Amino acid sequence: MTGSTILRARGLTRRYGWDSGLVRAVDDVDLDVPAGQALAVMGPSGCGKSTLLHLLGGLQRPTGGQVWLAGHRIDTMSERALARLRRDTVGFVFQAFHLMDELTAVENVELAALLAGQSPRRARRRALHLLDRVGLADRATHLPSALSGGQRQRVAIARALSNEPLVVLADEPTGNLDSAATLDVLRLFEELRTAGQTLVMVTHDARIAAVADRVIAMRDGAFADDSQLVSATGTGHRGWR
């Protein structure tokens, strides 16, 4: 594994059920994601995008193949070591936000930094900075119930960045948002891409793919045979048609 590769999978597979009920959610996938790349994995609902993301981030175990995160092979790692690596290396953005209802926006954002071992003072300072960065400085003391869907998703993105992760994994980040809120999130992802944050975004929304450096089409648990890669800069990748 090269030093510039943040995520790598070889023969990555996740199957459910048996015999006639067997489902190949992810089927023998190979993937390399260089540090600093913004990758979008596209495809219809049920094609295996979310399962792939969970495997890459160590939220699920594969039934076959190998996966590396930040130079560590995680498919054979103990649960304790894997949890520590996730905490220190990955920021997750989920479609359903997964904010803690009893905590304010700033408390939700700082929680990941506190769990990663930052001091309360530093965690609070970074949380306030990130809320300002996502345009929610004036909502820091609001509970999630007082925020719109787009605001809650921006809090979730700020939380994903609070532990200064090497990679951000986003699972259908605009799936529950209206058009205006989707545009807010798209602008934020574009800013992250421009800043060189490694992003892996799974989506069926072409607007999300538009902010990526690279797009992969997925179908029936595998990367589509006729898919090719597209670069926003026009260099280094083949265009897919």
# chains A, B, ... in the order shown; residues from 1 in each chain; ligands from 1

call {"tool": "select_by_dssp", "arguments": {"residues": "region 40-227 of chain A", "states": "strand (DSSP E or B)", "output": "PyMOL selection string"}}
result
chain A and resi 40-42+64-69+72-73+90-93+167-171+198-203+214-219+222-223

call {"tool": "write_last_selection", "arguments": {"atoms": "N, CA and C atoms", "output": "CSV table (one decimal), in the first residue's frame"}}
result
chain,number,residue,atom,x,y,z
A,40,ALA,N,-17.2,10.2,-5.6
A,40,ALA,CA,-18.6,9.9,-5.5
A,40,ALA,C,-18.9,8.5,-6.1
A,41,VAL,N,-19.6,7.7,-5.3
A,41,VAL,CA,-20.1,6.4,-5.8
A,41,VAL,C,-21.6,6.5,-6.0
A,42,MET,N,-22.0,6.4,-7.3
A,42,MET,CA,-23.4,6.6,-7.7
A,42,MET,C,-24.0,5.3,-8.0
A,64,GLY,N,-15.8,-11.3,2.8
A,64,GLY,CA,-14.6,-11.7,2.0
A,64,GLY,C,-13.8,-10.5,1.5
A,65,GLY,N,-12.6,-10.8,1.2
A,65,GLY,CA,-11.7,-9.7,0.7
A,65,GLY,C,-11.0,-9.0,1.8
A,66,GLN,N,-10.3,-7.9,1.4
A,66,GLN,CA,-9.5,-7.2,2.3
A,66,GLN,C,-9.7,-5.7,2.2
A,67,VAL,N,-9.6,-4.9,3.3
A,67,VAL,CA,-9.7,-3.5,3.2
A,67,VAL,C,-8.7,-2.8,4.2
A,68,TRP,N,-8.1,-1.7,3.7
A,68,TRP,CA,-7.1,-1.0,4.4
A,68,TRP,C,-7.7,0.5,4.6
A,69,LEU,N,-7.4,1.0,5.8
A,69,LEU,CA,-7.8,2.4,6.1
A,69,LEU,C,-6.6,3.1,6.7
A,72,HIS,N,-3.8,0.7,7.6
A,72,HIS,CA,-4.1,-0.4,8.6
A,72,HIS,C,-5.1,-1.3,7.9
A,73,ARG,N,-4.8,-2.6,7.9
A,73,ARG,CA,-5.8,-3.5,7.4
A,73,ARG,C,-6.9,-3.7,8.5
A,90,VAL,N,-11.7,8.8,10.9
A,90,VAL,CA,-12.8,8.9,10.0
A,90,VAL,C,-13.9,9.8,10.6
A,91,GLY,N,-14.5,10.6,9.7
A,91,GLY,CA,-15.7,11.4,10.0
A,91,GLY,C,-16.8,10.8,9.2
A,92,PHE,N,-18.0,10.5,9.8
A,92,PHE,CA,-19.1,9.9,9.1
A,92,PHE,C,-20.2,11.0,9.1
A,93,VAL,N,-20.9,11.1,7.9
A,93,VAL,CA,-22.0,11.9,7.7
A,93,VAL,C,-23.1,11.0,7.2
A,167,VAL,N,-10.3,11.2,6.5
A,167,VAL,CA,-11.3,10.9,5.4
A,167,VAL,C,-12.7,11.1,6.0
A,168,VAL,N,-13.5,11.7,5.2
A,168,VAL,CA,-15.0,11.9,5.5
A,168,VAL,C,-15.8,11.0,4.6
A,169,LEU,N,-16.6,10.1,5.2
A,169,LEU,CA,-17.5,9.2,4.5
A,169,LEU,C,-18.9,9.7,4.7
A,170,ALA,N,-19.6,10.0,3.5
A,170,ALA,CA,-20.9,10.6,3.6
A,170,ALA,C,-21.9,9.6,2.9
A,171,ASP,N,-22.9,9.3,3.6
A,171,ASP,CA,-23.9,8.3,3.1
A,171,ASP,C,-25.2,9.0,2.7
A,198,THR,N,-10.2,14.5,2.0
A,198,THR,CA,-10.5,13.3,1.3
A,198,THR,C,-12.0,13.0,1.6
A,199,LEU,N,-12.8,12.8,0.6
A,199,LEU,CA,-14.2,12.6,0.7
A,199,LEU,C,-14.6,11.3,-0.1
A,200,VAL,N,-15.5,10.5,0.5
A,200,VAL,CA,-16.1,9.4,-0.2
A,200,VAL,C,-17.6,9.6,0.0
A,201,MET,N,-18.3,9.9,-1.0
A,201,MET,CA,-19.8,10.2,-0.9
A,201,MET,C,-20.5,9.2,-1.7
A,202,VAL,N,-21.5,8.5,-1.1
A,202,VAL,CA,-22.4,7.6,-1.9
A,202,VAL,C,-23.7,8.3,-2.1
A,203,THR,N,-24.2,8.2,-3.3
A,203,THR,CA,-25.4,9.0,-3.6
A,203,THR,C,-26.1,8.4,-4.9
A,214,ARG,N,-13.9,12.5,-8.9
A,214,ARG,CA,-14.0,11.2,-9.5
A,214,ARG,C,-15.4,10.6,-9.2
A,215,VAL,N,-15.9,9.9,-10.2
A,215,VAL,CA,-17.2,9.2,-10.0
A,215,VAL,C,-17.1,7.8,-10.4
A,216,ILE,N,-17.7,6.9,-9.6
A,216,ILE,CA,-17.8,5.5,-9.9
A,216,ILE,C,-19.3,5.1,-9.9
A,217,ALA,N,-19.7,4.4,-11.0
A,217,ALA,CA,-21.1,3.9,-11.1
A,217,ALA,C,-21.1,2.5,-10.5
A,218,MET,N,-22.1,2.3,-9.6
A,218,MET,CA,-22.3,1.0,-9.0
A,218,MET,C,-23.6,0.3,-9.3
A,219,ARG,N,-23.6,-1.0,-9.5
A,219,ARG,CA,-24.8,-1.7,-9.9
A,219,ARG,C,-24.8,-3.1,-9.4
A,222,ALA,N,-21.6,-4.3,-7.5
A,222,ALA,CA,-20.3,-4.3,-8.1
A,222,ALA,C,-20.2,-2.9,-8.9
A,223,PHE,N,-19.0,-2.6,-9.2
A,223,PHE,CA,-18.7,-1.4,-10.0
A,223,PHE,C,-19.1,-1.8,-11.5

call {"tool": "residues_around", "arguments": {"residues": "Ala25 (chain A)", "least_positions_apart": "6", "cutoff": "9 Å", "atoms": "only C-alpha atoms", "output": "ChimeraX atom specification"}}
result
/A:13-16,46-49,51-52,220-222

call {"tool": "residues_around", "arguments": {"residues": "region 190-194 of chain A", "least_positions_apart": "3", "cutoff": "8 Å", "atoms": "only C-alpha atoms", "output": "PyMOL selection string"}}
result
chain A and resi 36-38+186-187+197-199+211-212

call {"tool": "closest_residue", "arguments": {"among": "A:Thr5, A:Thr89, A:Asn108, A:Asn163", "to": "Thr141 (chain A)", "atoms": "only C-alpha atoms"}}
result
A:Asn108

call {"tool": "atom_distance", "arguments": {"atom1": "CA of Val134 (chain A)", "atom2": "CA of Asp184 (chain A)"}}
result
8.8 Å

call {"tool": "closest_residue", "arguments": {"among": "A:Val185, A:Ala195, A:Ala105, A:Ala224", "to": "Ser145 (chain A)", "atoms": "only C-alpha atoms"}}
result
A:Ala105

call {"tool": "residues_around", "arguments": {"residues": "region 109-125 of chain A", "least_positions_apart": "4", "cutoff": "10 Å", "atoms": "only C-alpha atoms", "output": "MDAnalysis selection string"}}
result
chainID A and resid 84:89 91 99:100 103:105 129:131 140 155:164

call {"tool": "write_last_selection", "arguments": {"atoms": "N, CA and C atoms", "output": "PDB file, in the first residue's frame"}}
result
ATOM      1  N   ARG A  84     -11.010   2.534  17.830  1.00  0.00           N
ATOM      2  CA  ARG A  84     -10.036   3.598  18.048  1.00  0.00           C
ATOM      3  C   ARG A  84      -9.589   4.225  16.729  1.00  0.00           C
ATOM      4  N   LEU A  85      -9.359   3.381  15.718  1.00  0.00           N
ATOM      5  CA  LEU A  85      -8.948   3.896  14.415  1.00  0.00           C
ATOM      6  C   LEU A  85     -10.053   4.728  13.780  1.00  0.00           C
ATOM      7  N   ARG A  86     -11.281   4.260  13.857  1.00  0.00           N
ATOM      8  CA  ARG A  86     -12.418   5.040  13.327  1.00  0.00           C
ATOM      9  C   ARG A  86     -12.510   6.393  14.019  1.00  0.00           C
ATOM     10  N   ARG A  87     -12.390   6.376  15.321  1.00  0.00           N
ATOM     11  CA  ARG A  87     -12.508   7.597  16.119  1.00  0.00           C
ATOM     12  C   ARG A  87     -11.463   8.623  15.717  1.00  0.00           C
ATOM     13  N   ASP A  88     -10.253   8.155  15.426  1.00  0.00           N
ATOM     14  CA  ASP A  88      -9.143   9.063  15.155  1.00  0.00           C
ATOM     15  C   ASP A  88      -8.986   9.422  13.681  1.00  0.00           C
ATOM     16  N   THR A  89      -9.615   8.664  12.780  1.00  0.00           N
ATOM     17  CA  THR A  89      -9.288   8.763  11.362  1.00  0.00           C
ATOM     18  C   THR A  89     -10.453   9.152  10.475  1.00  0.00           C
ATOM     19  N   GLY A  91     -14.494  10.616   9.680  1.00  0.00           N
ATOM     20  CA  GLY A  91     -15.687  11.374  10.021  1.00  0.00           C
ATOM     21  C   GLY A  91     -16.849  10.842   9.199  1.00  0.00           C
ATOM     22  N   LEU A  99     -27.984  13.062  15.123  1.00  0.00           N
ATOM     23  CA  LEU A  99     -27.616  13.992  16.189  1.00  0.00           C
ATOM     24  C   LEU A  99     -28.265  13.541  17.492  1.00  0.00           C
ATOM     25  N   MET A 100     -27.659  13.920  18.604  1.00  0.00           N
ATOM     26  CA  MET A 100     -28.231  13.608  19.915  1.00  0.00           C
ATOM     27  C   MET A 100     -29.204  14.717  20.291  1.00  0.00           C
ATOM     28  N   LEU A 103     -28.628  17.290  23.171  1.00  0.00           N
ATOM     29  CA  LEU A 103     -27.445  18.146  23.124  1.00  0.00           C
ATOM     30  C   LEU A 103     -27.643  19.288  22.141  1.00  0.00           C
ATOM     31  N   THR A 104     -27.062  20.435  22.442  1.00  0.00           N
ATOM     32  CA  THR A 104     -27.118  21.567  21.527  1.00  0.00           C
ATOM     33  C   THR A 104     -26.236  21.295  20.311  1.00  0.00           C
ATOM     34  N   ALA A 105     -26.320  22.171  19.332  1.00  0.00           N
ATOM     35  CA  ALA A 105     -25.509  22.009  18.122  1.00  0.00           C
ATOM     36  C   ALA A 105     -24.023  21.942  18.467  1.00  0.00           C
ATOM     37  N   HIS A 129     -15.705  26.980  15.824  1.00  0.00           N
ATOM     38  CA  HIS A 129     -15.096  27.327  14.540  1.00  0.00           C
ATOM     39  C   HIS A 129     -15.792  26.598  13.397  1.00  0.00           C
ATOM     40  N   LEU A 130     -16.068  25.318  13.592  1.00  0.00           N
ATOM     41  CA  LEU A 130     -16.701  24.537  12.528  1.00  0.00           C
ATOM     42  C   LEU A 130     -18.141  24.978  12.286  1.00  0.00           C
ATOM     43  N   LEU A 131     -18.863  25.298  13.349  1.00  0.00           N
ATOM     44  CA  LEU A 131     -20.223  25.804  13.164  1.00  0.00           C
ATOM     45  C   LEU A 131     -20.217  27.127  12.407  1.00  0.00           C
ATOM     46  N   ALA A 140     -25.502  27.850  17.555  1.00  0.00           N
ATOM     47  CA  ALA A 140     -24.663  26.957  18.362  1.00  0.00           C
ATOM     48  C   ALA A 140     -25.386  26.418  19.591  1.00  0.00           C
ATOM     49  N   VAL A 155     -24.808  20.648  10.800  1.00  0.00           N
ATOM     50  CA  VAL A 155     -24.251  20.315  12.117  1.00  0.00           C
ATOM     51  C   VAL A 155     -23.593  18.934  12.057  1.00  0.00           C
ATOM     52  N   ALA A 156     -24.241  17.985  11.382  1.00  0.00           N
ATOM     53  CA  ALA A 156     -23.682  16.638  11.266  1.00  0.00           C
ATOM     54  C   ALA A 156     -22.354  16.653  10.501  1.00  0.00           C
ATOM     55  N   ILE A 157     -22.251  17.505   9.486  1.00  0.00           N
ATOM     56  CA  ILE A 157     -20.998  17.608   8.736  1.00  0.00           C
ATOM     57  C   ILE A 157     -19.917  18.241   9.614  1.00  0.00           C
ATOM     58  N   ALA A 158     -20.281  19.278  10.361  1.00  0.00           N
ATOM     59  CA  ALA A 158     -19.322  19.886  11.282  1.00  0.00           C
ATOM     60  C   ALA A 158     -18.841  18.857  12.303  1.00  0.00           C
ATOM     61  N   ARG A 159     -19.757  18.042  12.812  1.00  0.00           N
ATOM     62  CA  ARG A 159     -19.375  16.991  13.768  1.00  0.00           C
ATOM     63  C   ARG A 159     -18.403  15.999  13.129  1.00  0.00           C
ATOM     64  N   ALA A 160     -18.638  15.664  11.860  1.00  0.00           N
ATOM     65  CA  ALA A 160     -17.760  14.726  11.167  1.00  0.00           C
ATOM     66  C   ALA A 160     -16.347  15.266  11.010  1.00  0.00           C
ATOM     67  N   LEU A 161     -16.210  16.593  11.041  1.00  0.00           N
ATOM     68  CA  LEU A 161     -14.898  17.221  10.879  1.00  0.00           C
ATOM     69  C   LEU A 161     -14.221  17.526  12.213  1.00  0.00           C
ATOM     70  N   SER A 162     -14.937  17.338  13.316  1.00  0.00           N
ATOM     71  CA  SER A 162     -14.435  17.849  14.599  1.00  0.00           C
ATOM     72  C   SER A 162     -13.205  17.110  15.092  1.00  0.00           C
ATOM     73  N   ASN A 163     -13.034  15.846  14.704  1.00  0.00           N
ATOM     74  CA  ASN A 163     -11.856  15.097  15.141  1.00  0.00           C
ATOM     75  C   ASN A 163     -10.721  15.186  14.122  1.00  0.00           C
ATOM     76  N   GLU A 164     -10.832  16.145  13.194  1.00  0.00           N
ATOM     77  CA  GLU A 164      -9.817  16.372  12.158  1.00  0.00           C
ATOM     78  C   GLU A 164      -9.506  15.063  11.418  1.00  0.00           C
TER      79      GLU A 164
END

call {"tool": "atom_distance", "arguments": {"atom1": "CA of Leu53 (chain A)", "atom2": "CA of Asn176 (chain A)"}}
result
18.2 Å

call {"tool": "atom_distance", "arguments": {"atom1": "CA of Leu39 (chain A)", "atom2": "CA of Ala209 (chain A)"}}
result
8.0 Å

call {"tool": "select_by_dssp", "arguments": {"residues": "region 52-121 of chain A", "states": "alpha helix (DSSP H)", "output": "ChimeraX atom specification"}}
result
/A:52-56,79-89,105-115,120-121

call {"tool": "write_last_selection", "arguments": {"atoms": "C-alpha atoms", "output": "PDB file, in the first residue's frame"}}
result
ATOM      1  CA  LEU A  52     -19.639  -0.360   0.589  1.00  0.00           C
ATOM      2  CA  LEU A  53     -19.229   2.834   2.602  1.00  0.00           C
ATOM      3  CA  HIS A  54     -19.803   1.008   5.889  1.00  0.00           C
ATOM      4  CA  LEU A  55     -17.214  -1.608   4.939  1.00  0.00           C
ATOM      5  CA  LEU A  56     -14.649   1.042   4.008  1.00  0.00           C
ATOM      6  CA  GLU A  79     -13.206  -4.379  17.533  1.00  0.00           C
ATOM      7  CA  ARG A  80     -11.390  -2.287  20.115  1.00  0.00           C
ATOM      8  CA  ALA A  81      -8.556  -1.310  17.789  1.00  0.00           C
ATOM      9  CA  LEU A  82     -11.013  -0.672  14.956  1.00  0.00           C
ATOM     10  CA  ALA A  83     -13.132   1.618  17.111  1.00  0.00           C
ATOM     11  CA  ARG A  84     -10.036   3.598  18.048  1.00  0.00           C
ATOM     12  CA  LEU A  85      -8.948   3.896  14.415  1.00  0.00           C
ATOM     13  CA  ARG A  86     -12.418   5.040  13.327  1.00  0.00           C
ATOM     14  CA  ARG A  87     -12.508   7.597  16.119  1.00  0.00           C
ATOM     15  CA  ASP A  88      -9.143   9.063  15.155  1.00  0.00           C
ATOM     16  CA  THR A  89      -9.288   8.763  11.362  1.00  0.00           C
ATOM     17  CA  ALA A 105     -25.509  22.009  18.122  1.00  0.00           C
ATOM     18  CA  VAL A 106     -22.130  22.895  19.619  1.00  0.00           C
ATOM     19  CA  GLU A 107     -22.314  19.997  22.088  1.00  0.00           C
ATOM     20  CA  ASN A 108     -23.090  17.579  19.246  1.00  0.00           C
ATOM     21  CA  VAL A 109     -20.125  18.841  17.246  1.00  0.00           C
ATOM     22  CA  GLU A 110     -17.618  18.799  20.099  1.00  0.00           C
ATOM     23  CA  LEU A 111     -18.572  15.290  21.243  1.00  0.00           C
ATOM     24  CA  ALA A 112     -16.462  13.521  18.591  1.00  0.00           C
ATOM     25  CA  ALA A 113     -13.438  15.654  19.478  1.00  0.00           C
ATOM     26  CA  LEU A 114     -13.877  14.894  23.187  1.00  0.00           C
ATOM     27  CA  LEU A 115     -14.094  11.173  22.448  1.00  0.00           C
ATOM     28  CA  PRO A 120     -12.837  20.346  26.583  1.00  0.00           C
ATOM     29  CA  ARG A 121     -11.509  23.820  25.850  1.00  0.00           C
TER      30      ARG A 121
END
